[in-house]
Amino acid sequence: QVQLVESGGGLVQPGGSLRLSCAASGLTFRLYSIGWFRQAAGKEREFVAAINWSRGSTYYADSVKGRFTLSRDNAKNTAYLQMNSLKPEDTAVYYCAVNSGTSYTVLAELKTYDYWGQGTQVTVSS
């Protein structure tokens, strides 16, 4: 049974940082790309970042480029989303998901993901 568990969310002031983790089990982690999506209240879920399994290539939404960094540790079956210079508009529930694809076109599309975590709340507010 595949499980994805996000952690690391919380309340942070504008300009602050958080590191989200996505711990996976029940699958061969090194053969899956990892994507992060977020959903703000009243809005659709949107792509944030992804890292593919084949080359470790990373992709970011324009809104987070230069502020967020996605990495993975295959030995720990865990992916990390480092979020710096956080803004109030980053407030959302953040979800990780796994995908067997590798290209940006596939990884930016939420419908292509196979499994999802339960989400972790990130609130950026003073």
# chains A, B, ... in the order shown; residues from 1 in each chain; ligands from 1

call {"tool": "residues_around", "arguments": {"residues": "region 55-62 of chain A", "least_positions_apart": "6", "cutoff": "9 Å", "atoms": "only C-alpha atoms", "output": "PyMOL selection string"}}
result
chain A and resi 33+46-49+68-72+102-104+107-108

call {"tool": "residues_around", "arguments": {"residues": "Ser21 (chain A)", "least_positions_apart": "4", "cutoff": "6 Å", "atoms": "only C-alpha atoms", "output": "PDB file with all heavy atoms, in the first residue's frame"}}
result
ATOM      1  N   GLU A   6       3.082  14.081   4.296  1.00  0.00           N
ATOM      2  CA  GLU A   6       3.710  15.402   4.325  1.00  0.00           C
ATOM      3  C   GLU A   6       3.856  15.877   5.764  1.00  0.00           C
ATOM      4  O   GLU A   6       3.023  15.557   6.624  1.00  0.00           O
ATOM      5  CB  GLU A   6       2.880  16.431   3.552  1.00  0.00           C
ATOM      6  CG  GLU A   6       2.637  16.113   2.092  1.00  0.00           C
ATOM      7  CD  GLU A   6       1.284  15.481   1.867  1.00  0.00           C
ATOM      8  OE1 GLU A   6       0.766  14.837   2.814  1.00  0.00           O
ATOM      9  OE2 GLU A   6       0.724  15.614   0.760  1.00  0.00           O
ATOM     10  N   SER A   7       4.888  16.655   6.002  1.00  0.00           N
ATOM     11  CA  SER A   7       5.086  17.269   7.314  1.00  0.00           C
ATOM     12  C   SER A   7       5.873  18.556   7.136  1.00  0.00           C
ATOM     13  O   SER A   7       6.433  18.805   6.060  1.00  0.00           O
ATOM     14  CB  SER A   7       5.808  16.319   8.266  1.00  0.00           C
ATOM     15  OG  SER A   7       7.092  15.998   7.770  1.00  0.00           O
ATOM     16  N   ALA A  79      11.269  13.390   0.007  1.00  0.00           N
ATOM     17  CA  ALA A  79      11.517  14.596  -0.782  1.00  0.00           C
ATOM     18  C   ALA A  79      11.318  15.807   0.125  1.00  0.00           C
ATOM     19  O   ALA A  79      10.515  15.762   1.068  1.00  0.00           O
ATOM     20  CB  ALA A  79      10.573  14.655  -1.969  1.00  0.00           C
ATOM     21  N   TYR A  80      12.057  16.874  -0.191  1.00  0.00           N
ATOM     22  CA  TYR A  80      12.029  18.068   0.640  1.00  0.00           C
ATOM     23  C   TYR A  80      11.726  19.287  -0.224  1.00  0.00           C
ATOM     24  O   TYR A  80      12.320  19.464  -1.287  1.00  0.00           O
ATOM     25  CB  TYR A  80      13.371  18.272   1.335  1.00  0.00           C
ATOM     26  CG  TYR A  80      13.811  17.092   2.151  1.00  0.00           C
ATOM     27  CD1 TYR A  80      14.714  16.163   1.633  1.00  0.00           C
ATOM     28  CD2 TYR A  80      13.336  16.887   3.441  1.00  0.00           C
ATOM     29  CE1 TYR A  80      15.120  15.064   2.378  1.00  0.00           C
ATOM     30  CE2 TYR A  80      13.734  15.799   4.199  1.00  0.00           C
ATOM     31  CZ  TYR A  80      14.624  14.892   3.651  1.00  0.00           C
ATOM     32  OH  TYR A  80      15.026  13.803   4.394  1.00  0.00           O
TER      33      TYR A  80
END

call {"tool": "select_by_dssp", "arguments": {"residues": "chain A", "states": "strand (DSSP E)", "output": "count of residues only"}}
result
59

call {"tool": "closest_residue", "arguments": {"among": "A:Leu18, A:Leu86, A:Ala50, A:Leu81", "to": "Ser100 (chain A)", "atoms": "only C-alpha atoms"}}
result
A:Ala50

call {"tool": "closest_residue", "arguments": {"among": "A:Leu27, A:Ala40, A:Leu11, A:Met83", "to": "Arg67 (chain A)", "atoms": "only C-alpha atoms"}}
result
A:Met83

call {"tool": "closest_residue", "arguments": {"among": "A:Val5, A:Val106, A:Val98, A:Ala75", "to": "Leu20 (chain A)", "atoms": "only C-alpha atoms"}}
result
A:Val5

call {"tool": "closest_residue", "arguments": {"among": "A:Ser54, A:Gln13, A:Thr123, A:Asn74", "to": "Arg38 (chain A)", "atoms": "only C-alpha atoms"}}
result
A:Thr123

call {"tool": "atom_distance", "arguments": {"atom1": "CA of Tyr95 (chain A)", "atom2": "CA of Phe37 (chain A)"}}
result
5.2 Å

call {"tool": "closest_residue", "arguments": {"among": "A:Ala23, A:Ile51, A:Val2, A:Cys96", "to": "Trp36 (chain A)", "atoms": "only C-alpha atoms"}}
result
A:Cys96
